[in-house]
>>> print(open('run23.cif').read())   # mmCIF, C-alpha atoms
data_structure
#
loop_
_atom_site.label_atom_id
_atom_site.label_comp_id
_atom_site.auth_asym_id
_atom_site.auth_seq_id
_atom_site.Cartn_x
_atom_site.Cartn_y
_atom_site.Cartn_z
CA MET A 27 0.00 0.00 0.00
CA ALA A 28 1.40 3.38 -0.99
CA PRO A 29 2.03 5.68 1.94
CA THR A 30 -0.20 8.70 2.22
CA HIS A 31 1.29 12.10 2.86
CA ASP A 32 -1.42 13.79 4.84
CA GLU A 33 0.83 14.88 7.68
CA SER A 34 -1.97 16.85 9.32
CA ALA A 35 -3.89 13.73 10.33
CA GLY A 36 -3.04 11.25 13.07
CA ALA A 37 -4.35 8.53 10.73
CA SER A 38 -1.40 8.94 8.32
CA VAL A 39 0.39 5.69 7.54
CA ASP A 40 3.63 7.19 6.19
CA PRO A 41 6.18 5.57 8.51
CA ARG A 42 8.32 8.73 8.58
CA VAL A 43 5.37 10.77 9.79
CA VAL A 44 4.46 8.12 12.33
CA ARG A 45 8.04 8.13 13.64
CA THR A 46 8.18 11.92 13.83
CA ARG A 47 4.92 12.10 15.75
CA HIS A 48 5.98 9.25 18.04
CA ASP A 49 9.33 10.94 18.80
CA ILE A 50 7.77 14.30 19.53
CA LEU A 51 4.90 12.99 21.67
CA GLY A 52 7.35 10.79 23.61
CA THR A 53 9.49 13.84 24.29
CA ALA A 54 6.40 15.79 25.39
CA LEU A 55 5.41 13.05 27.86
CA ARG A 56 8.91 12.82 29.37
CA MET A 57 8.87 16.61 29.67
CA VAL A 58 5.59 16.55 31.64
CA VAL A 59 7.21 14.18 34.14
CA ASP A 60 10.65 15.80 34.27
CA GLU A 61 9.85 19.50 34.02
CA GLY A 62 6.13 19.85 34.74
CA PRO A 63 3.22 20.76 32.48
CA GLU A 64 4.22 24.38 32.02
CA ALA A 65 7.34 23.32 30.12
CA LEU A 66 5.17 21.98 27.30
CA THR A 67 5.50 24.62 24.58
CA HIS A 68 6.06 24.09 20.86
CA GLN A 69 9.41 25.85 21.08
CA HIS A 70 10.77 23.84 24.02
CA ILE A 71 9.59 20.46 22.72
CA ALA A 72 11.04 21.20 19.26
CA GLN A 73 14.38 22.08 20.82
CA VAL A 74 14.55 18.97 23.03
CA ALA A 75 13.18 16.53 20.42
CA GLY A 76 15.50 17.91 17.71
CA TYR A 77 12.82 19.00 15.25
CA SER A 78 12.06 22.45 13.90
CA LYS A 79 9.33 24.54 15.48
CA ALA A 80 7.73 24.62 12.00
CA THR A 81 7.45 20.82 12.01
CA LEU A 82 5.69 20.92 15.36
CA TYR A 83 3.24 23.55 14.15
CA LYS A 84 2.59 21.50 11.00
CA HIS A 85 1.42 18.58 13.17
CA TRP A 86 -0.22 20.54 15.98
CA ALA A 87 -1.70 23.95 15.22
CA SER A 88 -2.14 24.81 18.90
CA ARG A 89 -0.81 23.86 22.31
CA ALA A 90 -4.24 22.36 23.08
CA HIS A 91 -3.88 19.89 20.17
CA LEU A 92 -0.38 18.97 21.26
CA LEU A 93 -1.49 18.37 24.87
CA ARG A 94 -4.44 16.26 23.76
CA ASP A 95 -2.30 14.04 21.50
CA ALA A 96 0.44 13.68 24.14
CA PHE A 97 -2.03 12.45 26.76
CA ASP A 98 -3.84 10.31 24.15
CA ALA A 99 -0.46 8.70 23.44
CA PHE A 100 -0.04 8.03 27.17
CA ALA A 101 -3.54 6.49 27.34
CA ALA A 102 -2.76 4.34 24.28
CA LEU A 103 0.53 3.08 25.73
CA ASP A 104 -1.55 0.84 27.98
CA GLU A 105 1.43 0.53 30.26
CA MET A 106 -0.36 1.39 33.47
CA PRO A 107 0.88 -1.41 35.72
CA HIS A 108 -1.69 -3.54 37.56
CA HIS A 109 -1.71 -6.29 40.14
CA VAL A 110 -2.85 -9.64 38.72
CA PRO A 111 -5.77 -10.74 40.94
CA THR A 112 -5.38 -14.09 42.69
CA GLY A 113 -8.90 -14.43 44.10
CA ASP A 114 -7.93 -13.40 47.66
CA ILE A 115 -9.81 -10.12 47.86
CA ARG A 116 -7.80 -8.60 50.71
CA ALA A 117 -4.47 -9.50 49.09
CA ASP A 118 -5.70 -8.30 45.69
CA LEU A 119 -6.75 -4.88 47.01
CA VAL A 120 -3.48 -4.41 48.92
CA GLY A 121 -1.55 -5.61 45.84
CA GLU A 122 -3.33 -3.16 43.52
CA MET A 123 -2.78 -0.22 45.91
CA ARG A 124 0.92 -1.10 46.23
CA THR A 125 1.22 -1.34 42.44
CA PHE A 126 -0.34 2.13 42.14
CA ARG A 127 2.18 3.38 44.73
CA TRP A 128 5.03 1.70 42.82
CA ALA A 129 3.98 3.47 39.58
CA ILE A 130 4.09 6.78 41.45
CA GLU A 131 7.50 6.12 42.97
CA GLN A 132 9.15 4.49 39.96
CA HIS A 133 7.44 6.17 37.02
CA ARG A 134 6.22 9.40 38.62
CA LEU A 135 2.65 8.62 37.63
CA ASP A 136 1.71 11.32 40.17
CA ARG A 137 3.34 13.98 37.99
CA MET A 138 1.51 12.73 34.92
CA LEU A 139 -1.81 12.86 36.84
CA ALA A 140 -1.00 16.27 38.36
CA ALA A 141 -0.31 17.64 34.88
CA LEU A 142 -3.48 16.06 33.51
CA ILE A 143 -5.59 17.53 36.35
CA GLY A 144 -4.03 21.00 36.11
CA LEU A 145 -4.21 21.15 32.31
CA THR A 146 -7.77 19.80 32.10
CA ALA A 147 -8.85 22.76 34.25
CA SER A 148 -7.61 25.07 31.46
CA HIS A 149 -8.33 22.77 28.50
CA PRO A 150 -11.72 21.02 28.87
CA GLU A 151 -11.07 19.20 25.57
CA LEU A 152 -8.70 16.96 27.57
CA GLU A 153 -11.62 15.53 29.59
CA ALA A 154 -12.26 12.59 27.25
CA THR A 155 -8.59 11.56 27.45
CA ARG A 156 -8.59 11.96 31.23
CA ASP A 157 -11.67 9.71 31.41
CA LEU A 158 -9.93 7.02 29.33
CA ILE A 159 -6.87 7.10 31.59
CA VAL A 160 -8.96 7.01 34.77
CA THR A 161 -11.15 4.12 33.54
CA GLU A 162 -8.04 2.10 32.66
CA GLY A 163 -6.37 3.03 35.94
CA GLU A 164 -9.33 1.96 38.10
CA HIS A 165 -10.54 -1.15 36.28
CA VAL A 166 -8.71 -3.76 38.38
CA MET A 167 -9.80 -2.11 41.65
CA ARG A 168 -13.38 -1.97 40.39
CA ALA A 169 -13.36 -5.61 39.24
CA VAL A 170 -11.98 -6.92 42.56
CA LEU A 171 -14.37 -4.82 44.68
CA GLY A 172 -17.24 -5.74 42.32
CA ARG A 173 -17.07 -9.30 43.65
CA VAL A 174 -18.40 -8.14 47.04
CA LEU A 175 -20.02 -4.74 46.42
CA ALA A 176 -22.44 -3.12 43.96
CA GLY A 177 -24.10 0.21 43.25
CA ALA A 178 -23.29 3.21 45.44
CA ARG A 179 -21.23 1.04 47.83
CA LEU A 180 -19.01 -0.14 44.95
CA ASP A 181 -18.53 3.44 43.71
CA ALA A 182 -17.77 4.54 47.29
CA ALA A 183 -15.15 1.82 47.85
CA VAL A 184 -13.41 2.48 44.49
CA HIS A 185 -13.32 6.24 45.16
CA MET A 186 -11.95 5.63 48.68
CA LEU A 187 -9.18 3.15 47.81
CA VAL A 188 -8.03 5.00 44.68
CA GLY A 189 -8.64 8.39 46.31
CA SER A 190 -6.54 7.56 49.37
CA VAL A 191 -3.46 7.11 47.16
CA ILE A 192 -4.37 10.16 45.04
CA ASN A 193 -4.88 12.33 48.13
CA ALA A 194 -1.58 11.24 49.67
CA ALA A 195 0.39 11.69 46.44
CA LEU A 196 -1.14 14.84 44.96
CA LEU A 197 -2.19 16.82 48.03
CA HIS A 198 0.28 15.61 50.66
CA GLY A 199 3.26 15.06 48.36
CA THR A 200 3.89 11.58 49.76
CA VAL A 201 2.72 7.98 49.30
CA PRO A 202 0.79 5.83 51.78
CA THR A 203 2.91 3.46 53.91
CA ASP A 204 2.23 -0.28 53.98
CA ASP A 205 0.44 0.25 57.31
CA VAL A 206 -1.88 2.88 55.85
CA ILE A 207 -2.61 0.76 52.75
CA SER A 208 -3.48 -2.26 54.93
CA ALA A 209 -5.62 -0.07 57.19
CA CYS A 210 -7.56 1.29 54.17
CA VAL A 211 -8.30 -2.22 52.89
CA ASP A 212 -9.17 -3.53 56.36
CA LEU A 213 -11.56 -0.66 57.10
CA VAL A 214 -13.38 -1.19 53.79
CA LEU A 215 -13.52 -5.01 53.96
CA ASP A 216 -14.45 -5.09 57.65
CA GLY A 217 -17.33 -2.79 56.69
CA VAL A 218 -18.28 -5.17 53.86
CA ASP A 219 -18.15 -8.21 56.14
CA ARG A 220 -20.89 -6.77 58.30
CA TYR A 221 -23.52 -7.40 55.63
CA MET B 29 2.91 55.84 62.33
CA ALA B 30 4.39 57.02 59.02
CA PRO B 31 3.77 54.66 56.15
CA THR B 32 6.78 52.87 54.73
CA HIS B 33 7.32 52.77 51.02
CA ASP B 34 9.10 49.48 50.52
CA GLU B 35 6.73 48.20 47.90
CA SER B 36 8.88 45.15 47.23
CA ALA B 37 8.06 43.55 50.59
CA GLY B 38 4.81 41.85 51.59
CA ALA B 39 5.38 43.32 55.08
CA SER B 40 4.80 46.88 53.88
CA VAL B 41 2.22 48.77 55.91
CA ASP B 42 1.47 51.52 53.39
CA PRO B 43 -2.29 51.09 52.96
CA ARG B 44 -2.09 51.94 49.25
CA VAL B 45 0.39 49.14 48.73
CA VAL B 46 -1.70 46.75 50.78
CA ARG B 47 -4.74 47.62 48.70
CA THR B 48 -2.88 47.23 45.41
CA ARG B 49 -1.54 43.82 46.41
CA HIS B 50 -4.96 42.74 47.71
CA ASP B 51 -6.67 43.80 44.46
CA ILE B 52 -4.16 42.06 42.27
CA LEU B 53 -4.01 38.80 44.25
CA GLY B 54 -7.83 38.71 44.40
CA THR B 55 -7.95 39.08 40.63
CA ALA B 56 -5.36 36.32 40.27
CA LEU B 57 -7.42 33.94 42.44
CA ARG B 58 -10.64 34.62 40.53
CA MET B 59 -8.70 34.04 37.32
CA VAL B 60 -7.51 30.61 38.53
CA VAL B 61 -11.15 29.61 39.08
CA ASP B 62 -12.64 31.25 35.99
CA GLU B 63 -9.95 30.69 33.37
CA GLY B 64 -7.60 28.02 34.73
CA PRO B 65 -4.03 28.24 35.98
CA GLU B 66 -2.49 28.88 32.58
CA ALA B 67 -4.23 32.27 32.37
CA LEU B 68 -2.11 33.53 35.28
CA THR B 69 0.46 35.74 33.57
CA HIS B 70 1.66 39.19 34.63
CA GLN B 71 0.25 40.68 31.46
CA HIS B 72 -3.22 39.14 31.72
CA ILE B 73 -3.63 39.88 35.44
CA ALA B 74 -2.46 43.48 34.96
CA GLN B 75 -5.00 43.94 32.19
CA VAL B 76 -7.93 42.46 34.15
CA ALA B 77 -7.03 44.12 37.49
CA GLY B 78 -6.50 47.50 35.85
CA TYR B 79 -2.87 48.00 36.86
CA SER B 80 0.20 48.39 34.69
CA LYS B 81 2.38 45.42 33.90
CA ALA B 82 5.25 47.42 35.49
CA THR B 83 3.36 47.58 38.81
CA LEU B 84 2.92 43.81 38.78
CA TYR B 85 6.61 43.26 38.09
CA LYS B 86 7.50 45.69 40.89
CA HIS B 87 5.63 43.51 43.39
CA TRP B 88 6.39 40.10 41.88
CA ALA B 89 9.61 39.62 39.94
CA SER B 90 8.53 36.24 38.56
CA ARG B 91 5.43 34.22 37.87
CA ALA B 92 6.53 31.84 40.65
CA HIS B 93 6.39 34.65 43.24
CA LEU B 94 2.99 35.76 42.00
CA LEU B 95 1.62 32.19 42.17
CA ARG B 96 2.99 31.69 45.66
CA ASP B 97 1.47 34.92 47.01
CA ALA B 98 -1.87 34.27 45.29
CA PHE B 99 -2.19 30.81 46.92
CA ASP B 100 -0.85 32.18 50.23
CA ALA B 101 -3.65 34.75 50.07
CA PHE B 102 -6.14 31.94 49.49
CA ALA B 103 -4.73 30.00 52.47
CA ALA B 104 -4.90 33.15 54.64
CA LEU B 105 -8.52 33.84 53.69
CA ASP B 106 -9.47 30.99 56.01
CA GLU B 107 -12.79 30.79 54.21
CA MET B 108 -12.72 27.06 53.60
CA PRO B 109 -16.22 26.11 54.78
CA HIS B 110 -16.58 23.35 57.36
CA HIS B 111 -19.35 21.42 59.04
CA VAL B 112 -19.72 22.26 62.73
CA PRO B 113 -19.48 18.91 64.55
CA THR B 114 -22.45 17.94 66.71
CA GLY B 115 -20.99 14.86 68.40
CA ASP B 116 -22.85 12.34 66.21
CA ILE B 117 -19.88 10.85 64.34
CA ARG B 118 -21.81 9.48 61.39
CA ALA B 119 -23.73 12.74 60.88
CA ASP B 120 -20.56 14.80 61.34
CA LEU B 121 -18.63 12.84 58.68
CA VAL B 122 -21.52 13.00 56.21
CA GLY B 123 -21.92 16.72 57.00
CA GLU B 124 -18.24 17.47 56.40
CA MET B 125 -18.18 15.54 53.11
CA ARG B 126 -21.31 17.36 51.94
CA THR B 127 -19.76 20.71 52.90
CA PHE B 128 -16.66 19.82 50.85
CA ARG B 129 -18.95 18.95 47.93
CA TRP B 130 -20.84 22.24 48.38
CA ALA B 131 -17.55 24.20 48.24
CA ILE B 132 -16.72 22.43 44.97
CA GLU B 133 -20.13 23.10 43.43
CA GLN B 134 -20.65 26.64 44.72
CA HIS B 135 -17.11 28.02 44.88
CA ARG B 136 -15.31 25.75 42.40
CA LEU B 137 -12.84 24.68 45.10
CA ASP B 138 -12.00 21.81 42.71
CA ARG B 139 -10.57 24.31 40.21
CA MET B 140 -8.48 25.95 42.92
CA LEU B 141 -7.14 22.53 43.98
CA ALA B 142 -6.57 21.43 40.37
CA ALA B 143 -4.55 24.58 39.74
CA LEU B 144 -2.59 24.11 42.96
CA ILE B 145 -1.79 20.47 42.09
CA GLY B 146 -0.81 21.23 38.50
CA LEU B 147 1.28 24.28 39.39
CA THR B 148 3.04 22.63 42.34
CA ALA B 149 4.32 20.00 39.89
CA SER B 150 6.14 22.80 38.03
CA HIS B 151 6.83 25.05 41.03
CA PRO B 152 7.97 23.03 44.09
CA GLU B 153 8.17 26.27 46.08
CA LEU B 154 4.36 26.11 46.26
CA GLU B 155 4.53 22.94 48.42
CA ALA B 156 4.50 24.78 51.76
CA THR B 157 1.39 26.72 50.75
CA ARG B 158 -0.29 23.55 49.47
CA ASP B 159 0.46 21.89 52.84
CA LEU B 160 -1.16 24.80 54.72
CA ILE B 161 -4.28 24.61 52.57
CA VAL B 162 -4.52 20.80 52.90
CA THR B 163 -4.03 20.88 56.70
CA GLU B 164 -6.78 23.48 57.04
CA GLY B 165 -9.02 21.59 54.62
CA GLU B 166 -8.70 18.25 56.47
CA HIS B 167 -8.69 19.36 60.09
CA VAL B 168 -12.40 18.84 60.85
CA MET B 169 -12.40 15.38 59.21
CA ARG B 170 -9.28 14.45 61.19
CA ALA B 171 -10.73 15.72 64.50
CA VAL B 172 -14.02 13.83 64.08
CA LEU B 173 -12.33 10.57 63.01
CA GLY B 174 -9.73 11.03 65.78
CA ARG B 175 -12.46 10.34 68.33
CA VAL B 176 -12.61 6.67 67.21
CA LEU B 177 -9.35 6.02 65.32
CA ALA B 178 -5.62 6.62 65.78
CA GLY B 179 -2.31 6.01 64.00
CA ALA B 180 -2.31 4.39 60.56
CA ARG B 181 -6.07 3.71 60.76
CA LEU B 182 -6.77 7.42 61.34
CA ASP B 183 -4.52 8.42 58.43
CA ALA B 184 -6.20 5.77 56.26
CA ALA B 185 -9.72 6.96 57.09
CA VAL B 186 -8.86 10.66 56.50
CA HIS B 187 -7.21 9.85 53.15
CA MET B 188 -10.20 7.71 52.12
CA LEU B 189 -12.99 10.17 53.02
CA VAL B 190 -11.19 13.25 51.68
CA GLY B 191 -9.73 11.27 48.76
CA SER B 192 -13.11 9.95 47.65
CA VAL B 193 -14.33 13.52 47.04
CA ILE B 194 -10.99 14.52 45.47
CA ASN B 195 -11.00 11.49 43.15
CA ALA B 196 -14.60 12.12 42.06
CA ALA B 197 -14.04 15.85 41.49
CA LEU B 198 -10.55 15.97 39.99
CA LEU B 199 -10.29 12.66 38.13
CA HIS B 200 -13.93 11.93 37.25
CA GLY B 201 -15.08 15.54 36.79
CA THR B 202 -18.11 15.02 39.03
CA VAL B 203 -19.06 15.06 42.71
CA PRO B 204 -20.19 12.11 44.86
CA THR B 205 -23.97 11.71 45.24
CA ASP B 206 -25.61 11.59 48.68
CA ASP B 207 -25.78 7.79 48.31
CA VAL B 208 -22.04 7.51 47.65
CA ILE B 209 -21.17 9.87 50.53
CA SER B 210 -23.34 7.83 52.93
CA ALA B 211 -21.81 4.57 51.64
CA CYS B 212 -18.26 5.91 52.21
CA VAL B 213 -19.05 6.88 55.80
CA ASP B 214 -20.92 3.61 56.48
CA LEU B 215 -18.11 1.44 55.10
CA VAL B 216 -15.52 3.24 57.25
CA LEU B 217 -17.61 3.33 60.44
CA ASP B 218 -18.87 -0.24 60.08
CA GLY B 219 -15.19 -1.23 59.83
CA VAL B 220 -14.43 0.79 62.98
CA ASP B 221 -17.33 -0.79 64.86
CA ARG B 222 -15.79 -4.23 64.51
CA TYR B 223 -13.03 -3.39 66.97
#
>>> encode(input="run23.cif", output="structure tokens")
Amino acid sequence: MAPTHDESAGASVDPRVVRTRHDILGTALRMVVDEGPEALTHQHIAQVAGYSKATLYKHWASRAHLLRDAFDAFAALDEMPHHVPTGDIRADLVGEMRTFRWAIEQHRLDRMLAALIGLTASHPELEATRDLIVTEGEHVMRAVLGRVLAGARLDAAVHMLVGSVINAALLHGTVPTDDVISACVDLVLDGVDRY
Amino acid sequence: MAPTHDESAGASVDPRVVRTRHDILGTALRMVVDEGPEALTHQHIAQVAGYSKATLYKHWASRAHLLRDAFDAFAALDEMPHHVPTGDIRADLVGEMRTFRWAIEQHRLDRMLAALIGLTASHPELEATRDLIVTEGEHVMRAVLGRVLAGARLDAAVHMLVGSVINAALLHGTVPTDDVISACVDLVLDGVDRY
């Protein structure tokens, strides 16, 4: 199949265009983690990625488009680590919370989420991408809790277990200790056991 | 007492300087809520507040200083609404979570927090201000839960009840329903009751 040359569309199959976009979006994502969301300008990304500013503007007419595609690329990476459930609900919930903590400590997932939250406040067009990332991020927690809870109680438990890590990381600048993770899971499951 | 004229210091007692700073920081805070954190530039704030760009630069040499003072002003406002505890733990926790939700819906506290989270990722000097705001925001929840929990279990319960609202607002773009708030409090307190 002959390559197309519509460089303005993400659907282009020209391998050179694909590689250029991949390089630039990868640089943009590393920059979010290393330097924070405010570093993400056409000029700075072009400089770091080794492309001309004109090339960047050819692919992304505005900063909003660039941000959207960078976070879409992150969502598409599907490299959010998850615990593999074993069937032991308590161990599975603790395992998933520790995996979330590990992603924050090792891959600075907290910085990616902080950037996504801060930028979505200014760029509502990022909401759909944020929703994709959140759905993927929460699906193991929701599946494990869904074995013992439903409805508002399931939503509550997912928000509490995910939210406890989010609150610690993004608003306290720390991560929950093993003791706090175990206490979260115990409080929720001991509540469940009453029914 | 004769007014001083050191306009570079926040400690100045010249009432004109105090008023200028108050006006400008108030404009900056409204701008965070109405337009998002990225709107906060010297030029845009000067324009909206009706001062010259030179005046803004006289008070705040960099955007980082301006951001820090704007969030410090928010922390100092001490207008974070709280539920007044009655002694009924379940009602007090539900009341405090609903008050947090009300502040998000009525005063867009979520946008203020989103901006603070996103900007702190780029400006670590905002961490101390973020910590002040978080301590003030959580103190009623911590006091009520502290009547029945301590140590890691207290930290866990605070992170879960605050985090459930944070996760809903900042990562799902919504607020918890009454049913979800009640389910959060019931799950935590039913867990507590087991001991």
>>> closest_residue(input="run23.cif", among="A:Val166, A:Leu55, A:Leu158, A:Ala140", to="chain B", atoms="all atoms listed in the file")
A:Ala140
>>> residues_around(input="run23.cif", residues="Gly64 of chain B", least_positions_apart="3", cutoff="12 Å", atoms="all atoms listed in the file", output="number ranges by chain")
A: 143-150; B: 56-61, 67-69, 136, 138-144, 146-147
>>> interface_residues(input="run23.cif", of="chain B", to="chain A", cutoff="7 Å", atoms="only C-alpha atoms", output="short mmCIF file (atom, residue, chain, number, x, y, z; two decimals) with C-alpha atoms, keeping the file's coordinate frame")
data_model
loop_
_atom_site.label_atom_id
_atom_site.label_comp_id
_atom_site.auth_asym_id
_atom_site.auth_seq_id
_atom_site.Cartn_x
_atom_site.Cartn_y
_atom_site.Cartn_z
CA GLU B 63 -9.95 30.69 33.37
CA GLY B 64 -7.60 28.02 34.73
CA PRO B 65 -4.03 28.24 35.98
CA GLU B 66 -2.49 28.88 32.58
CA ARG B 139 -10.57 24.31 40.21
CA ALA B 142 -6.57 21.43 40.37
CA ALA B 143 -4.55 24.58 39.74
CA ILE B 145 -1.79 20.47 42.09
CA GLY B 146 -0.81 21.23 38.50
CA ALA B 149 4.32 20.00 39.89
CA SER B 150 6.14 22.80 38.03
CA ASP B 159 0.46 21.89 52.84
CA VAL B 162 -4.52 20.80 52.90
CA ALA B 180 -2.31 4.39 60.56
CA ARG B 181 -6.07 3.71 60.76
CA ASP B 183 -4.52 8.42 58.43
CA ALA B 184 -6.20 5.77 56.26
CA ALA B 185 -9.72 6.96 57.09
CA HIS B 187 -7.21 9.85 53.15
CA MET B 188 -10.20 7.71 52.12
CA LEU B 189 -12.99 10.17 53.02
CA GLY B 191 -9.73 11.27 48.76
CA SER B 192 -13.11 9.95 47.65
CA ILE B 194 -10.99 14.52 45.47
CA ASN B 195 -11.00 11.49 43.15
CA ALA B 196 -14.60 12.12 42.06
CA LEU B 198 -10.55 15.97 39.99
CA LEU B 199 -10.29 12.66 38.13
CA HIS B 200 -13.93 11.93 37.25
CA ASP B 207 -25.78 7.79 48.31
CA VAL B 208 -22.04 7.51 47.65
CA ALA B 211 -21.81 4.57 51.64
CA CYS B 212 -18.26 5.91 52.21
CA LEU B 215 -18.11 1.44 55.10
CA VAL B 216 -15.52 3.24 57.25
CA ASP B 218 -18.87 -0.24 60.08
CA GLY B 219 -15.19 -1.23 59.83
CA VAL B 220 -14.43 0.79 62.98
#
>>> atom_distance(input="run23.cif", atom1="atom CA of Arg47 of chain B", atom2="atom CA of Glu133 of chain B")
29.4 Å
>>> residues_near_point(input="run23.cif", point="(-19.2, 17.5, 61.3)", cutoff="12 Å", atoms="only C-alpha atoms", output="PyMOL selection string")
chain B and resi 109-128+166-173+213
>>> atom_distance(input="run23.cif", atom1="atom CA of Gln71 of chain B", atom2="atom CA of Phe99 of chain B")
18.5 Å
>>> resolve_selection(input="run23.cif", expression="the PyMOL selection byres ((chain B and resi 77) around 8)", output="list of chain:residue names")
B:Asp51, B:Ile52, B:Thr55, B:Ile73, B:Ala74, B:Gln75, B:Val76, B:Gly78, B:Tyr79
>>> residues_around(input="run23.cif", residues="Tyr85 of chain B", least_positions_apart="2", cutoff="10 Å", atoms="only C-alpha atoms", output="ChimeraX atom specification")
/B:36,70-71,74,80-83,87-91,94
>>> write_last_selection(input="run23.cif", atoms="C-alpha atoms", output="mmCIF file, in the coordinates of the input")
data_model
loop_
_atom_site.group_PDB
_atom_site.id
_atom_site.type_symbol
_atom_site.label_atom_id
_atom_site.label_comp_id
_atom_site.auth_asym_id
_atom_site.auth_seq_id
_atom_site.Cartn_x
_atom_site.Cartn_y
_atom_site.Cartn_z
ATOM 1 C CA SER B 36 8.880 45.150 47.230
ATOM 2 C CA HIS B 70 1.660 39.190 34.630
ATOM 3 C CA GLN B 71 0.250 40.680 31.460
ATOM 4 C CA ALA B 74 -2.460 43.480 34.960
ATOM 5 C CA SER B 80 0.200 48.390 34.690
ATOM 6 C CA LYS B 81 2.380 45.420 33.900
ATOM 7 C CA ALA B 82 5.250 47.420 35.490
ATOM 8 C CA THR B 83 3.360 47.580 38.810
ATOM 9 C CA HIS B 87 5.630 43.510 43.390
ATOM 10 C CA TRP B 88 6.390 40.100 41.880
ATOM 11 C CA ALA B 89 9.610 39.620 39.940
ATOM 12 C CA SER B 90 8.530 36.240 38.560
ATOM 13 C CA ARG B 91 5.430 34.220 37.870
ATOM 14 C CA LEU B 94 2.990 35.760 42.000
#
>>> atom_distance(input="run23.cif", atom1="atom CA of Arg127 of chain A", atom2="atom CA of Leu137 of chain B")
26.1 Å
>>> decode(input="run23.cif", residues="segment 189-203 of chain B", atoms="N, CA and C atoms", output="PDB file, in the first residue's frame")
ATOM      1  N   LEU B 189     -11.777   9.314  53.097  1.00  0.00           N
ATOM      2  CA  LEU B 189     -12.985  10.167  53.019  1.00  0.00           C
ATOM      3  C   LEU B 189     -12.705  11.453  52.253  1.00  0.00           C
ATOM      4  N   VAL B 190     -11.547  12.060  52.476  1.00  0.00           N
ATOM      5  CA  VAL B 190     -11.189  13.246  51.677  1.00  0.00           C
ATOM      6  C   VAL B 190     -10.910  12.821  50.236  1.00  0.00           C
ATOM      7  N   GLY B 191     -10.147  11.724  50.096  1.00  0.00           N
ATOM      8  CA  GLY B 191      -9.730  11.267  48.762  1.00  0.00           C
ATOM      9  C   GLY B 191     -10.896  10.856  47.879  1.00  0.00           C
ATOM     10  N   SER B 192     -11.977  10.356  48.485  1.00  0.00           N
ATOM     11  CA  SER B 192     -13.114   9.952  47.647  1.00  0.00           C
ATOM     12  C   SER B 192     -13.735  11.173  46.963  1.00  0.00           C
ATOM     13  N   VAL B 193     -13.791  12.294  47.661  1.00  0.00           N
ATOM     14  CA  VAL B 193     -14.335  13.515  47.043  1.00  0.00           C
ATOM     15  C   VAL B 193     -13.332  14.063  46.014  1.00  0.00           C
ATOM     16  N   ILE B 194     -12.047  14.053  46.383  1.00  0.00           N
ATOM     17  CA  ILE B 194     -10.995  14.519  45.468  1.00  0.00           C
ATOM     18  C   ILE B 194     -10.984  13.685  44.184  1.00  0.00           C
ATOM     19  N   ASN B 195     -11.051  12.365  44.336  1.00  0.00           N
ATOM     20  CA  ASN B 195     -11.000  11.493  43.154  1.00  0.00           C
ATOM     21  C   ASN B 195     -12.211  11.725  42.249  1.00  0.00           C
ATOM     22  N   ALA B 196     -13.391  11.859  42.860  1.00  0.00           N
ATOM     23  CA  ALA B 196     -14.595  12.121  42.059  1.00  0.00           C
ATOM     24  C   ALA B 196     -14.466  13.461  41.333  1.00  0.00           C
ATOM     25  N   ALA B 197     -14.050  14.492  42.067  1.00  0.00           N
ATOM     26  CA  ALA B 197     -14.044  15.848  41.494  1.00  0.00           C
ATOM     27  C   ALA B 197     -12.914  16.035  40.476  1.00  0.00           C
ATOM     28  N   LEU B 198     -11.691  15.616  40.834  1.00  0.00           N
ATOM     29  CA  LEU B 198     -10.546  15.967  39.995  1.00  0.00           C
ATOM     30  C   LEU B 198     -10.234  14.929  38.925  1.00  0.00           C
ATOM     31  N   LEU B 199     -10.605  13.673  39.141  1.00  0.00           N
ATOM     32  CA  LEU B 199     -10.291  12.663  38.126  1.00  0.00           C
ATOM     33  C   LEU B 199     -11.522  12.140  37.393  1.00  0.00           C
ATOM     34  N   HIS B 200     -12.716  12.339  37.959  1.00  0.00           N
ATOM     35  CA  HIS B 200     -13.930  11.930  37.248  1.00  0.00           C
ATOM     36  C   HIS B 200     -14.747  13.139  36.790  1.00  0.00           C
ATOM     37  N   GLY B 201     -14.358  14.345  37.219  1.00  0.00           N
ATOM     38  CA  GLY B 201     -15.076  15.538  36.790  1.00  0.00           C
ATOM     39  C   GLY B 201     -16.506  15.594  37.293  1.00  0.00           C
ATOM     40  N   THR B 202     -16.754  15.023  38.478  1.00  0.00           N
ATOM     41  CA  THR B 202     -18.111  15.017  39.028  1.00  0.00           C
ATOM     42  C   THR B 202     -18.007  15.160  40.549  1.00  0.00           C
ATOM     43  N   VAL B 203     -19.119  15.078  41.250  1.00  0.00           N
ATOM     44  CA  VAL B 203     -19.063  15.058  42.713  1.00  0.00           C
ATOM     45  C   VAL B 203     -19.829  13.837  43.192  1.00  0.00           C
TER      46      VAL B 203
END
